[in-house]
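Text of coords12.txt (compact mmCIF, N, CA and C atoms) as supplied:
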# COMPACT_ATOMS: atom_id res chain seq x y z
N MET A 114 0.85 -1.17 0.00
CA MET A 114 0.00 0.00 0.00
C MET A 114 0.90 1.24 0.00
N PRO A 115 0.62 2.20 -0.87
CA PRO A 115 1.44 3.40 -0.93
C PRO A 115 1.25 4.28 0.30
N VAL A 116 2.25 5.09 0.55
CA VAL A 116 2.18 6.07 1.63
C VAL A 116 1.24 7.18 1.19
N LEU A 117 0.23 7.45 2.00
CA LEU A 117 -0.76 8.47 1.66
C LEU A 117 -0.30 9.85 2.10
N LYS A 118 -0.84 10.88 1.44
CA LYS A 118 -0.61 12.28 1.81
C LYS A 118 -1.96 12.91 2.07
N LYS A 119 -1.94 13.93 2.91
CA LYS A 119 -3.19 14.61 3.28
C LYS A 119 -2.88 16.06 3.62
N GLU A 120 -3.80 16.94 3.25
CA GLU A 120 -3.69 18.34 3.65
C GLU A 120 -4.38 18.50 4.99
N ILE A 121 -3.67 19.03 5.96
CA ILE A 121 -4.20 19.24 7.30
C ILE A 121 -4.21 20.73 7.60
N GLU A 122 -5.34 21.19 8.15
CA GLU A 122 -5.46 22.60 8.51
C GLU A 122 -5.07 22.78 9.97
N LEU A 123 -4.15 23.70 10.21
CA LEU A 123 -3.73 24.01 11.56
C LEU A 123 -4.74 24.95 12.20
N ASP A 124 -4.62 25.14 13.49
CA ASP A 124 -5.59 25.95 14.24
C ASP A 124 -5.69 27.39 13.72
N ASP A 125 -4.60 27.91 13.16
CA ASP A 125 -4.64 29.30 12.66
C ASP A 125 -5.12 29.39 11.22
N GLY A 126 -5.53 28.26 10.64
CA GLY A 126 -6.03 28.24 9.27
C GLY A 126 -4.99 27.87 8.23
N THR A 127 -3.72 27.84 8.61
CA THR A 127 -2.66 27.42 7.69
C THR A 127 -2.89 25.97 7.29
N LYS A 128 -2.72 25.70 6.01
CA LYS A 128 -2.87 24.33 5.52
C LYS A 128 -1.49 23.79 5.15
N ILE A 129 -1.21 22.59 5.63
CA ILE A 129 0.07 21.95 5.34
C ILE A 129 -0.18 20.54 4.81
N TRP A 130 0.75 20.06 4.02
CA TRP A 130 0.68 18.68 3.54
C TRP A 130 1.51 17.81 4.45
N VAL A 131 0.95 16.65 4.75
CA VAL A 131 1.61 15.68 5.62
C VAL A 131 1.53 14.32 4.93
N ARG A 132 2.57 13.54 5.06
CA ARG A 132 2.54 12.18 4.54
C ARG A 132 2.57 11.21 5.70
N GLN A 133 2.10 10.03 5.46
CA GLN A 133 2.19 9.00 6.48
C GLN A 133 3.64 8.55 6.62
N ALA A 134 3.97 8.03 7.76
CA ALA A 134 5.28 7.43 7.95
C ALA A 134 5.36 6.16 7.12
N SER A 135 6.46 5.97 6.47
CA SER A 135 6.63 4.77 5.67
C SER A 135 6.97 3.60 6.60
N GLY A 136 6.91 2.42 6.04
CA GLY A 136 7.30 1.24 6.81
C GLY A 136 8.73 1.37 7.32
N ARG A 137 9.59 1.91 6.50
CA ARG A 137 10.99 2.10 6.90
C ARG A 137 11.10 3.09 8.06
N ASP A 138 10.27 4.14 8.02
CA ASP A 138 10.26 5.11 9.11
C ASP A 138 9.81 4.46 10.42
N LYS A 139 8.82 3.57 10.32
CA LYS A 139 8.15 3.04 11.50
C LYS A 139 8.79 1.80 12.12
N ILE A 140 9.67 1.13 11.40
CA ILE A 140 10.12 -0.19 11.82
C ILE A 140 10.74 -0.23 13.22
N ARG A 141 11.53 0.78 13.59
CA ARG A 141 12.18 0.77 14.90
C ARG A 141 11.15 0.79 16.02
N ILE A 142 10.18 1.68 15.92
CA ILE A 142 9.18 1.80 16.98
C ILE A 142 8.21 0.63 16.95
N GLU A 143 7.86 0.14 15.78
CA GLU A 143 7.00 -1.04 15.69
C GLU A 143 7.68 -2.26 16.31
N THR A 144 8.99 -2.36 16.17
CA THR A 144 9.73 -3.45 16.79
C THR A 144 9.67 -3.35 18.31
N ILE A 145 9.82 -2.15 18.83
CA ILE A 145 9.70 -1.92 20.28
C ILE A 145 8.30 -2.31 20.76
N GLN A 146 7.28 -1.89 20.02
CA GLN A 146 5.91 -2.22 20.40
C GLN A 146 5.67 -3.73 20.38
N ALA A 147 6.23 -4.42 19.40
CA ALA A 147 6.08 -5.88 19.33
C ALA A 147 6.75 -6.56 20.52
N LYS A 148 7.92 -6.07 20.90
CA LYS A 148 8.61 -6.63 22.07
C LYS A 148 7.79 -6.40 23.33
N ALA A 149 7.18 -5.22 23.43
CA ALA A 149 6.36 -4.91 24.60
C ALA A 149 5.13 -5.81 24.65
N VAL A 150 4.51 -6.08 23.50
CA VAL A 150 3.36 -6.98 23.46
C VAL A 150 3.78 -8.36 23.95
N ARG A 151 4.94 -8.82 23.52
CA ARG A 151 5.42 -10.14 23.97
C ARG A 151 5.65 -10.16 25.48
N LYS A 152 6.10 -9.05 26.05
CA LYS A 152 6.28 -8.98 27.50
C LYS A 152 4.94 -9.04 28.23
N CYS A 153 3.86 -8.69 27.52
CA CYS A 153 2.53 -8.65 28.12
C CYS A 153 1.66 -9.81 27.65
N ARG A 154 2.26 -10.84 27.09
CA ARG A 154 1.45 -11.92 26.52
C ARG A 154 0.57 -12.62 27.54
N ASP A 155 0.97 -12.59 28.82
CA ASP A 155 0.14 -13.23 29.85
C ASP A 155 -1.13 -12.42 30.16
N PHE A 156 -1.26 -11.23 29.57
CA PHE A 156 -2.48 -10.43 29.74
C PHE A 156 -3.62 -10.97 28.89
N GLY A 157 -3.32 -11.80 27.91
CA GLY A 157 -4.34 -12.29 26.99
C GLY A 157 -4.43 -11.40 25.76
N ASN A 158 -5.59 -11.44 25.12
CA ASN A 158 -5.83 -10.66 23.90
C ASN A 158 -5.77 -9.17 24.22
N PRO A 159 -4.95 -8.39 23.49
CA PRO A 159 -4.85 -6.95 23.76
C PRO A 159 -6.19 -6.22 23.70
N ASN A 160 -7.13 -6.72 22.91
CA ASN A 160 -8.45 -6.09 22.85
C ASN A 160 -9.22 -6.24 24.16
N ASP A 161 -8.80 -7.19 24.99
CA ASP A 161 -9.50 -7.45 26.25
C ASP A 161 -8.74 -6.92 27.47
N TRP A 162 -7.63 -6.20 27.25
CA TRP A 162 -6.84 -5.71 28.38
C TRP A 162 -7.64 -4.70 29.20
N THR A 163 -7.37 -4.71 30.48
CA THR A 163 -7.96 -3.73 31.38
C THR A 163 -7.21 -2.40 31.23
N PRO A 164 -7.77 -1.31 31.73
CA PRO A 164 -7.04 -0.04 31.69
C PRO A 164 -5.67 -0.14 32.38
N GLU A 165 -5.60 -0.91 33.46
CA GLU A 165 -4.33 -1.07 34.16
C GLU A 165 -3.31 -1.82 33.30
N GLN A 166 -3.77 -2.84 32.58
CA GLN A 166 -2.88 -3.59 31.70
C GLN A 166 -2.42 -2.73 30.53
N ASN A 167 -3.32 -1.92 29.98
CA ASN A 167 -2.93 -0.99 28.91
C ASN A 167 -1.89 0.00 29.40
N GLU A 168 -2.08 0.49 30.61
CA GLU A 168 -1.11 1.44 31.18
C GLU A 168 0.24 0.78 31.38
N GLU A 169 0.24 -0.46 31.87
CA GLU A 169 1.51 -1.18 32.04
C GLU A 169 2.20 -1.38 30.69
N PHE A 170 1.43 -1.75 29.67
CA PHE A 170 1.98 -1.91 28.33
C PHE A 170 2.62 -0.61 27.85
N MET A 171 1.90 0.50 27.99
CA MET A 171 2.43 1.79 27.54
C MET A 171 3.68 2.19 28.32
N ASN A 172 3.72 1.87 29.61
CA ASN A 172 4.93 2.14 30.39
C ASN A 172 6.12 1.35 29.86
N ILE A 173 5.87 0.10 29.48
CA ILE A 173 6.94 -0.72 28.90
C ILE A 173 7.40 -0.12 27.58
N VAL A 174 6.45 0.24 26.71
CA VAL A 174 6.80 0.83 25.41
C VAL A 174 7.63 2.10 25.62
N GLU A 175 7.18 2.96 26.52
CA GLU A 175 7.91 4.21 26.77
C GLU A 175 9.30 3.94 27.33
N SER A 176 9.42 2.98 28.24
CA SER A 176 10.74 2.68 28.83
C SER A 176 11.70 2.12 27.79
N MET A 177 11.16 1.53 26.73
CA MET A 177 11.99 0.97 25.66
C MET A 177 12.27 1.98 24.54
N GLY A 178 11.69 3.19 24.65
CA GLY A 178 11.96 4.24 23.66
C GLY A 178 10.99 4.26 22.49
N GLY A 179 9.76 3.79 22.69
CA GLY A 179 8.80 3.77 21.59
C GLY A 179 7.52 4.53 21.86
N GLY A 180 7.53 5.41 22.84
CA GLY A 180 6.32 6.13 23.22
C GLY A 180 5.96 7.26 22.27
N ILE A 181 4.94 7.99 22.65
CA ILE A 181 4.41 9.09 21.83
C ILE A 181 5.48 10.13 21.52
N ALA A 182 6.25 10.52 22.53
CA ALA A 182 7.28 11.54 22.30
C ALA A 182 8.29 11.08 21.25
N GLU A 183 8.68 9.82 21.33
CA GLU A 183 9.63 9.28 20.36
C GLU A 183 9.02 9.21 18.96
N GLN A 184 7.73 8.87 18.89
CA GLN A 184 7.06 8.84 17.59
C GLN A 184 7.05 10.23 16.96
N ILE A 185 6.74 11.23 17.77
CA ILE A 185 6.70 12.60 17.28
C ILE A 185 8.08 13.02 16.78
N GLU A 186 9.10 12.81 17.58
CA GLU A 186 10.46 13.23 17.21
C GLU A 186 11.00 12.45 16.01
N SER A 187 10.63 11.20 15.90
CA SER A 187 11.15 10.36 14.83
C SER A 187 10.41 10.56 13.51
N TRP A 188 9.08 10.67 13.56
CA TRP A 188 8.29 10.65 12.34
C TRP A 188 7.87 12.01 11.82
N LEU A 189 7.48 12.93 12.68
CA LEU A 189 6.90 14.17 12.18
C LEU A 189 7.86 15.03 11.35
N PRO A 190 9.14 15.16 11.73
CA PRO A 190 10.02 15.97 10.88
C PRO A 190 10.12 15.44 9.45
N LYS A 191 10.03 14.11 9.29
CA LYS A 191 10.11 13.51 7.96
C LYS A 191 8.79 13.61 7.21
N CYS A 192 7.69 13.74 7.94
CA CYS A 192 6.37 13.61 7.33
C CYS A 192 5.64 14.92 7.10
N ILE A 193 6.12 16.00 7.66
CA ILE A 193 5.52 17.32 7.40
C ILE A 193 6.16 17.86 6.13
N ILE A 194 5.34 18.03 5.10
CA ILE A 194 5.84 18.47 3.80
C ILE A 194 5.52 19.96 3.67
N HIS A 195 6.34 20.76 4.29
CA HIS A 195 6.11 22.21 4.29
C HIS A 195 7.44 22.88 4.55
N ASP A 196 7.74 23.94 3.79
CA ASP A 196 9.04 24.58 3.88
C ASP A 196 9.25 25.41 5.14
N THR A 197 8.17 25.94 5.71
CA THR A 197 8.36 26.89 6.80
C THR A 197 7.78 26.43 8.14
N ILE A 198 7.10 25.29 8.20
CA ILE A 198 6.52 24.80 9.45
C ILE A 198 7.46 23.76 10.06
N THR A 199 7.75 23.91 11.34
CA THR A 199 8.54 22.93 12.06
C THR A 199 7.74 22.43 13.26
N LEU A 200 8.25 21.42 13.93
CA LEU A 200 7.57 20.90 15.12
C LEU A 200 7.36 21.99 16.17
N ASP A 201 8.29 22.91 16.27
CA ASP A 201 8.19 23.96 17.27
C ASP A 201 7.07 24.96 16.97
N ASP A 202 6.57 24.95 15.75
CA ASP A 202 5.48 25.85 15.37
C ASP A 202 4.11 25.27 15.72
N LEU A 203 4.05 24.00 16.08
CA LEU A 203 2.77 23.31 16.30
C LEU A 203 2.39 23.30 17.78
N ASN A 204 1.10 23.48 18.05
CA ASN A 204 0.64 23.30 19.42
C ASN A 204 0.36 21.81 19.65
N SER A 205 0.02 21.43 20.87
CA SER A 205 -0.14 20.00 21.17
C SER A 205 -1.33 19.39 20.43
N ASN A 206 -2.40 20.14 20.26
CA ASN A 206 -3.56 19.64 19.52
C ASN A 206 -3.18 19.35 18.06
N GLU A 207 -2.47 20.27 17.43
CA GLU A 207 -2.05 20.08 16.05
C GLU A 207 -1.09 18.90 15.93
N THR A 208 -0.19 18.79 16.89
CA THR A 208 0.78 17.69 16.88
C THR A 208 0.07 16.34 16.96
N ARG A 209 -0.90 16.22 17.86
CA ARG A 209 -1.65 14.96 17.99
C ARG A 209 -2.45 14.66 16.72
N LYS A 210 -3.05 15.68 16.14
CA LYS A 210 -3.82 15.51 14.91
C LYS A 210 -2.93 14.99 13.78
N ILE A 211 -1.78 15.59 13.62
CA ILE A 211 -0.84 15.17 12.58
C ILE A 211 -0.31 13.76 12.88
N LEU A 212 0.04 13.50 14.12
CA LEU A 212 0.57 12.19 14.48
C LEU A 212 -0.44 11.08 14.18
N GLY A 213 -1.71 11.35 14.44
CA GLY A 213 -2.74 10.36 14.15
C GLY A 213 -2.73 9.94 12.69
N PHE A 214 -2.61 10.91 11.80
CA PHE A 214 -2.56 10.57 10.38
C PHE A 214 -1.25 9.89 10.02
N VAL A 215 -0.13 10.43 10.52
CA VAL A 215 1.18 9.88 10.21
C VAL A 215 1.26 8.41 10.62
N ARG A 216 0.70 8.07 11.76
CA ARG A 216 0.69 6.69 12.25
C ARG A 216 -0.24 5.79 11.47
N GLY A 217 -1.28 6.39 10.88
CA GLY A 217 -2.26 5.61 10.16
C GLY A 217 -3.49 5.31 10.97
N ASP A 218 -3.65 5.96 12.14
CA ASP A 218 -4.83 5.70 12.94
C ASP A 218 -5.88 6.80 12.79
N ASP A 219 -5.71 7.64 11.80
CA ASP A 219 -6.66 8.69 11.48
C ASP A 219 -7.93 8.10 10.89
N GLU A 220 -9.09 8.56 11.30
CA GLU A 220 -10.38 8.04 10.83
C GLU A 220 -10.50 8.14 9.30
N ALA A 221 -10.09 9.26 8.73
CA ALA A 221 -10.18 9.43 7.28
C ALA A 221 -9.33 8.39 6.56
N PHE A 222 -8.17 8.08 7.12
CA PHE A 222 -7.31 7.06 6.53
C PHE A 222 -7.99 5.70 6.57
N ARG A 223 -8.58 5.36 7.70
CA ARG A 223 -9.24 4.05 7.83
C ARG A 223 -10.41 3.93 6.86
N ILE A 224 -11.15 5.01 6.67
CA ILE A 224 -12.27 5.00 5.73
C ILE A 224 -11.74 4.84 4.30
N ALA A 225 -10.71 5.62 3.97
CA ALA A 225 -10.17 5.59 2.61
C ALA A 225 -9.59 4.22 2.25
N THR A 226 -9.10 3.51 3.21
CA THR A 226 -8.47 2.22 2.94
C THR A 226 -9.37 1.04 3.29
N GLY A 227 -10.63 1.33 3.64
CA GLY A 227 -11.58 0.27 3.92
C GLY A 227 -11.33 -0.47 5.22
N GLN A 228 -10.68 0.17 6.18
CA GLN A 228 -10.34 -0.46 7.45
C GLN A 228 -11.36 -0.14 8.54
N VAL A 229 -12.57 0.27 8.18
CA VAL A 229 -13.58 0.62 9.18
C VAL A 229 -14.51 -0.55 9.39

Would you write out, as structure tokens, the structure that this file holds?
Amino acid sequence: MPVLKKEIELDDGTKIWVRQASGRDKIRIETIQAKAVRKCRDFGNPNDWTPEQNEEFMNIVESMGGGIAEQIESWLPKCIIHDTITLDDLNSNETRKILGFVRGDDEAFRIATGQV
């Protein structure tokens, strides 16, 4: 599946183009997440985890260097296709919005690819 691009409007009305992270971009963090899932295999099916189990999983992911902050620092500079916008120009709401698309968990992405 090709890497998708999308125009995202920032809170001030500025529109920027963003691309999804490629498989090559994502492999390091996906590997960390897979290792964390294996550490939590005794929890059962991840869809059935309790909030406490999800929190423990996320703590493991973060301790291994695969948390949200690492995703932002690793993926967003490569995926924002704009000459004058940098990570420092974005507020937290804009950053989360962009990260959702870059990761592929954006609702529009799931609809466009039939993953709903």

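The shortest atom-to-atom distance to Ala147 (chain A), with only C-alpha atoms taken into account, belongs to A:Ile173 out of A:Ala182, A:Ile173, A:Glu122, A:His195.
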
Rank A:Gly126, A:Phe214, A:Leu189, A:Glu183 by their smallest atom-to-atom distance to Ile142 (chain A), using all atoms listed in the file, and report the top residue only.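 When distances to Ile142 (chain A) are compared using all atoms listed in the file, the smallest one comes from A:Glu183.
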
How many Å lie between atom C of Arg151 (chain A) and atom N of Ser176 (chain A), rounded to one decimal? 13.9 Å

Using all atoms listed in the file, which residues sit within 6.5 Å of Ala134 (chain A) once same-chain residues fewer than 4 positions away are excluded, as a PyMOL selection string? chain A and resi 116+138-139+188+192+214-217

Residues of chain A classed as strand (DSSP E) by DSSP on the backbone are to be reported as a list of chain:residue names. A:Lys118, A:Lys119, A:Glu120, A:Ile121, A:Glu122, A:Lys128, A:Ile129, A:Trp130, A:Val131, A:Arg132, A:Ile193, A:Ile194

Written selection (N, CA and C atoms) as a compact mmCIF listing (two decimals), in the coordinates of the input:
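Output contents, as saved in out_36.txt:
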# COMPACT_ATOMS: atom_id res chain seq x y z
N LYS A 118 -0.84 10.88 1.44
CA LYS A 118 -0.61 12.28 1.81
C LYS A 118 -1.96 12.91 2.07
N LYS A 119 -1.94 13.93 2.91
CA LYS A 119 -3.19 14.61 3.28
C LYS A 119 -2.88 16.06 3.62
N GLU A 120 -3.80 16.94 3.25
CA GLU A 120 -3.69 18.34 3.65
C GLU A 120 -4.38 18.50 4.99
N ILE A 121 -3.67 19.03 5.96
CA ILE A 121 -4.20 19.24 7.30
C ILE A 121 -4.21 20.73 7.60
N GLU A 122 -5.34 21.19 8.15
CA GLU A 122 -5.46 22.60 8.51
C GLU A 122 -5.07 22.78 9.97
N LYS A 128 -2.72 25.70 6.01
CA LYS A 128 -2.87 24.33 5.52
C LYS A 128 -1.49 23.79 5.15
N ILE A 129 -1.21 22.59 5.63
CA ILE A 129 0.07 21.95 5.34
C ILE A 129 -0.18 20.54 4.81
N TRP A 130 0.75 20.06 4.02
CA TRP A 130 0.68 18.68 3.54
C TRP A 130 1.51 17.81 4.45
N VAL A 131 0.95 16.65 4.75
CA VAL A 131 1.61 15.68 5.62
C VAL A 131 1.53 14.32 4.93
N ARG A 132 2.57 13.54 5.06
CA ARG A 132 2.54 12.18 4.54
C ARG A 132 2.57 11.21 5.70
N ILE A 193 6.12 16.00 7.66
CA ILE A 193 5.52 17.32 7.40
C ILE A 193 6.16 17.86 6.13
N ILE A 194 5.34 18.03 5.10
CA ILE A 194 5.84 18.47 3.80
C ILE A 194 5.52 19.96 3.67

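Nearest-residue note for Gln166 (chain A): choosing from A:Leu117, A:Val150, A:Ile211, A:Ile145, the minimum distance belongs to A:Val150, counting only C-alpha atoms.
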
If you run DSSP on the backbone here, which positions in region 141-211 of chain A get alpha helix (DSSP H)? Please write them as JSON, numbers by chain. {"A": [141, 142, 143, 144, 145, 146, 147, 148, 149, 150, 151, 152, 164, 165, 166, 167, 168, 169, 170, 171, 172, 173, 174, 175, 176, 181, 182, 183, 184, 185, 186, 187, 188, 189, 190, 191, 192, 205, 206, 207, 208, 209, 210, 211]}

Produce a file of the selected residues containing N, CA and C atoms, as a CSV table (one decimal), in the coordinates of the input.
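Generated file (again34.csv):
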chain,number,residue,atom,x,y,z
A,141,ARG,N,11.5,0.8,13.6
A,141,ARG,CA,12.2,0.8,14.9
A,141,ARG,C,11.2,0.8,16.0
A,142,ILE,N,10.2,1.7,15.9
A,142,ILE,CA,9.2,1.8,17.0
A,142,ILE,C,8.2,0.6,17.0
A,143,GLU,N,7.9,0.1,15.8
A,143,GLU,CA,7.0,-1.0,15.7
A,143,GLU,C,7.7,-2.3,16.3
A,144,THR,N,9.0,-2.4,16.2
A,144,THR,CA,9.7,-3.4,16.8
A,144,THR,C,9.7,-3.4,18.3
A,145,ILE,N,9.8,-2.2,18.8
A,145,ILE,CA,9.7,-1.9,20.3
A,145,ILE,C,8.3,-2.3,20.8
A,146,GLN,N,7.3,-1.9,20.0
A,146,GLN,CA,5.9,-2.2,20.4
A,146,GLN,C,5.7,-3.7,20.4
A,147,ALA,N,6.2,-4.4,19.4
A,147,ALA,CA,6.1,-5.9,19.3
A,147,ALA,C,6.8,-6.6,20.5
A,148,LYS,N,7.9,-6.1,20.9
A,148,LYS,CA,8.6,-6.6,22.1
A,148,LYS,C,7.8,-6.4,23.3
A,149,ALA,N,7.2,-5.2,23.4
A,149,ALA,CA,6.4,-4.9,24.6
A,149,ALA,C,5.1,-5.8,24.6
A,150,VAL,N,4.5,-6.1,23.5
A,150,VAL,CA,3.4,-7.0,23.5
A,150,VAL,C,3.8,-8.4,24.0
A,151,ARG,N,4.9,-8.8,23.5
A,151,ARG,CA,5.4,-10.1,24.0
A,151,ARG,C,5.6,-10.2,25.5
A,152,LYS,N,6.1,-9.0,26.0
A,152,LYS,CA,6.3,-9.0,27.5
A,152,LYS,C,4.9,-9.0,28.2
A,164,PRO,N,-7.8,-1.3,31.7
A,164,PRO,CA,-7.0,0.0,31.7
A,164,PRO,C,-5.7,-0.1,32.4
A,165,GLU,N,-5.6,-0.9,33.5
A,165,GLU,CA,-4.3,-1.1,34.2
A,165,GLU,C,-3.3,-1.8,33.3
A,166,GLN,N,-3.8,-2.8,32.6
A,166,GLN,CA,-2.9,-3.6,31.7
A,166,GLN,C,-2.4,-2.7,30.5
A,167,ASN,N,-3.3,-1.9,30.0
A,167,ASN,CA,-2.9,-1.0,28.9
A,167,ASN,C,-1.9,0.0,29.4
A,168,GLU,N,-2.1,0.5,30.6
A,168,GLU,CA,-1.1,1.4,31.2
A,168,GLU,C,0.2,0.8,31.4
A,169,GLU,N,0.2,-0.5,31.9
A,169,GLU,CA,1.5,-1.2,32.0
A,169,GLU,C,2.2,-1.4,30.7
A,170,PHE,N,1.4,-1.8,29.7
A,170,PHE,CA,2.0,-1.9,28.3
A,170,PHE,C,2.6,-0.6,27.8
A,171,MET,N,1.9,0.5,28.0
A,171,MET,CA,2.4,1.8,27.5
A,171,MET,C,3.7,2.2,28.3
A,172,ASN,N,3.7,1.9,29.6
A,172,ASN,CA,4.9,2.1,30.4
A,172,ASN,C,6.1,1.4,29.9
A,173,ILE,N,5.9,0.1,29.5
A,173,ILE,CA,6.9,-0.7,28.9
A,173,ILE,C,7.4,-0.1,27.6
A,174,VAL,N,6.4,0.2,26.7
A,174,VAL,CA,6.8,0.8,25.4
A,174,VAL,C,7.6,2.1,25.6
A,175,GLU,N,7.2,3.0,26.5
A,175,GLU,CA,7.9,4.2,26.8
A,175,GLU,C,9.3,3.9,27.3
A,176,SER,N,9.4,3.0,28.2
A,176,SER,CA,10.7,2.7,28.8
A,176,SER,C,11.7,2.1,27.8
A,181,ILE,N,4.9,8.0,22.6
A,181,ILE,CA,4.4,9.1,21.8
A,181,ILE,C,5.5,10.1,21.5
A,182,ALA,N,6.2,10.5,22.5
A,182,ALA,CA,7.3,11.5,22.3
A,182,ALA,C,8.3,11.1,21.2
A,183,GLU,N,8.7,9.8,21.3
A,183,GLU,CA,9.6,9.3,20.4
A,183,GLU,C,9.0,9.2,19.0
A,184,GLN,N,7.7,8.9,18.9
A,184,GLN,CA,7.1,8.8,17.6
A,184,GLN,C,7.0,10.2,17.0
A,185,ILE,N,6.7,11.2,17.8
A,185,ILE,CA,6.7,12.6,17.3
A,185,ILE,C,8.1,13.0,16.8
A,186,GLU,N,9.1,12.8,17.6
A,186,GLU,CA,10.5,13.2,17.2
A,186,GLU,C,11.0,12.4,16.0
A,187,SER,N,10.6,11.2,15.9
A,187,SER,CA,11.2,10.4,14.8
A,187,SER,C,10.4,10.6,13.5
A,188,TRP,N,9.1,10.7,13.6
A,188,TRP,CA,8.3,10.6,12.3
A,188,TRP,C,7.9,12.0,11.8
A,189,LEU,N,7.5,12.9,12.7
A,189,LEU,CA,6.9,14.2,12.2
A,189,LEU,C,7.9,15.0,11.4
A,190,PRO,N,9.1,15.2,11.7
A,190,PRO,CA,10.0,16.0,10.9
A,190,PRO,C,10.1,15.4,9.4
A,191,LYS,N,10.0,14.1,9.3
A,191,LYS,CA,10.1,13.5,8.0
A,191,LYS,C,8.8,13.6,7.2
A,192,CYS,N,7.7,13.7,7.9
A,192,CYS,CA,6.4,13.6,7.3
A,192,CYS,C,5.6,14.9,7.1
A,205,SER,N,0.0,21.4,20.9
A,205,SER,CA,-0.1,20.0,21.2
A,205,SER,C,-1.3,19.4,20.4
A,206,ASN,N,-2.4,20.1,20.3
A,206,ASN,CA,-3.6,19.6,19.5
A,206,ASN,C,-3.2,19.4,18.1
A,207,GLU,N,-2.5,20.3,17.4
A,207,GLU,CA,-2.0,20.1,16.0
A,207,GLU,C,-1.1,18.9,15.9
A,208,THR,N,-0.2,18.8,16.9
A,208,THR,CA,0.8,17.7,16.9
A,208,THR,C,0.1,16.3,17.0
A,209,ARG,N,-0.9,16.2,17.9
A,209,ARG,CA,-1.6,15.0,18.0
A,209,ARG,C,-2.4,14.7,16.7
A,210,LYS,N,-3.0,15.7,16.1
A,210,LYS,CA,-3.8,15.5,14.9
A,210,LYS,C,-2.9,15.0,13.8
A,211,ILE,N,-1.8,15.6,13.6
A,211,ILE,CA,-0.8,15.2,12.6
A,211,ILE,C,-0.3,13.8,12.9

Give me, as a ChimeraX atom specification, all polymer residues having an atom no more than 6 Å from Val131 (chain A), counting only N, CA and C atoms and skipping those fewer than 4 positions away in the same chain. /A:117-121,192-194

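For the atom pair formed by atom N of Asn160 (chain A) and atom N of Ile181 (chain A), the distance is 19.0 Å, given to one decimal.
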
So which one's closest to Asn172 (chain A), A:Thr127, A:Gln146, A:Ser187, A:Thr208? Using only C-alpha atoms, please. A:Gln146

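The two atoms in question, CA of Glu143 (chain A) and CA of Ile198 (chain A), are spaced 26.6 Å apart.
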
Render region 163-173 of chain A from the structure in the preceding block as a file of N, CA, C and O atoms, as a short mmCIF file (atom, residue, chain, number, x, y, z; two decimals), in the first residue's frame.
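The resulting file, result-v2.cif, is shown below:
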data_model
loop_
_atom_site.label_atom_id
_atom_site.label_comp_id
_atom_site.auth_asym_id
_atom_site.auth_seq_id
_atom_site.Cartn_x
_atom_site.Cartn_y
_atom_site.Cartn_z
N THR A 163 -7.37 -4.71 30.48
CA THR A 163 -7.96 -3.73 31.38
C THR A 163 -7.21 -2.40 31.23
O THR A 163 -6.11 -2.36 30.67
N PRO A 164 -7.77 -1.31 31.73
CA PRO A 164 -7.04 -0.04 31.69
C PRO A 164 -5.67 -0.14 32.38
O PRO A 164 -4.69 0.44 31.91
N GLU A 165 -5.60 -0.91 33.46
CA GLU A 165 -4.33 -1.07 34.16
C GLU A 165 -3.31 -1.82 33.30
O GLU A 165 -2.12 -1.49 33.27
N GLN A 166 -3.77 -2.84 32.58
CA GLN A 166 -2.88 -3.59 31.70
C GLN A 166 -2.42 -2.73 30.53
O GLN A 166 -1.24 -2.77 30.15
N ASN A 167 -3.32 -1.92 29.98
CA ASN A 167 -2.93 -0.99 28.91
C ASN A 167 -1.89 0.00 29.40
O ASN A 167 -0.95 0.33 28.70
N GLU A 168 -2.08 0.49 30.61
CA GLU A 168 -1.11 1.44 31.18
C GLU A 168 0.24 0.78 31.38
O GLU A 168 1.28 1.37 31.07
N GLU A 169 0.24 -0.46 31.87
CA GLU A 169 1.51 -1.18 32.04
C GLU A 169 2.20 -1.38 30.69
O GLU A 169 3.41 -1.20 30.56
N PHE A 170 1.43 -1.75 29.67
CA PHE A 170 1.98 -1.91 28.33
C PHE A 170 2.62 -0.61 27.85
O PHE A 170 3.75 -0.60 27.36
N MET A 171 1.90 0.50 27.99
CA MET A 171 2.43 1.79 27.54
C MET A 171 3.68 2.19 28.32
O MET A 171 4.62 2.75 27.75
N ASN A 172 3.72 1.87 29.61
CA ASN A 172 4.93 2.14 30.39
C ASN A 172 6.12 1.35 29.86
O ASN A 172 7.24 1.86 29.80
N ILE A 173 5.87 0.10 29.48
CA ILE A 173 6.94 -0.72 28.90
C ILE A 173 7.40 -0.12 27.58
O ILE A 173 8.61 0.02 27.33
#
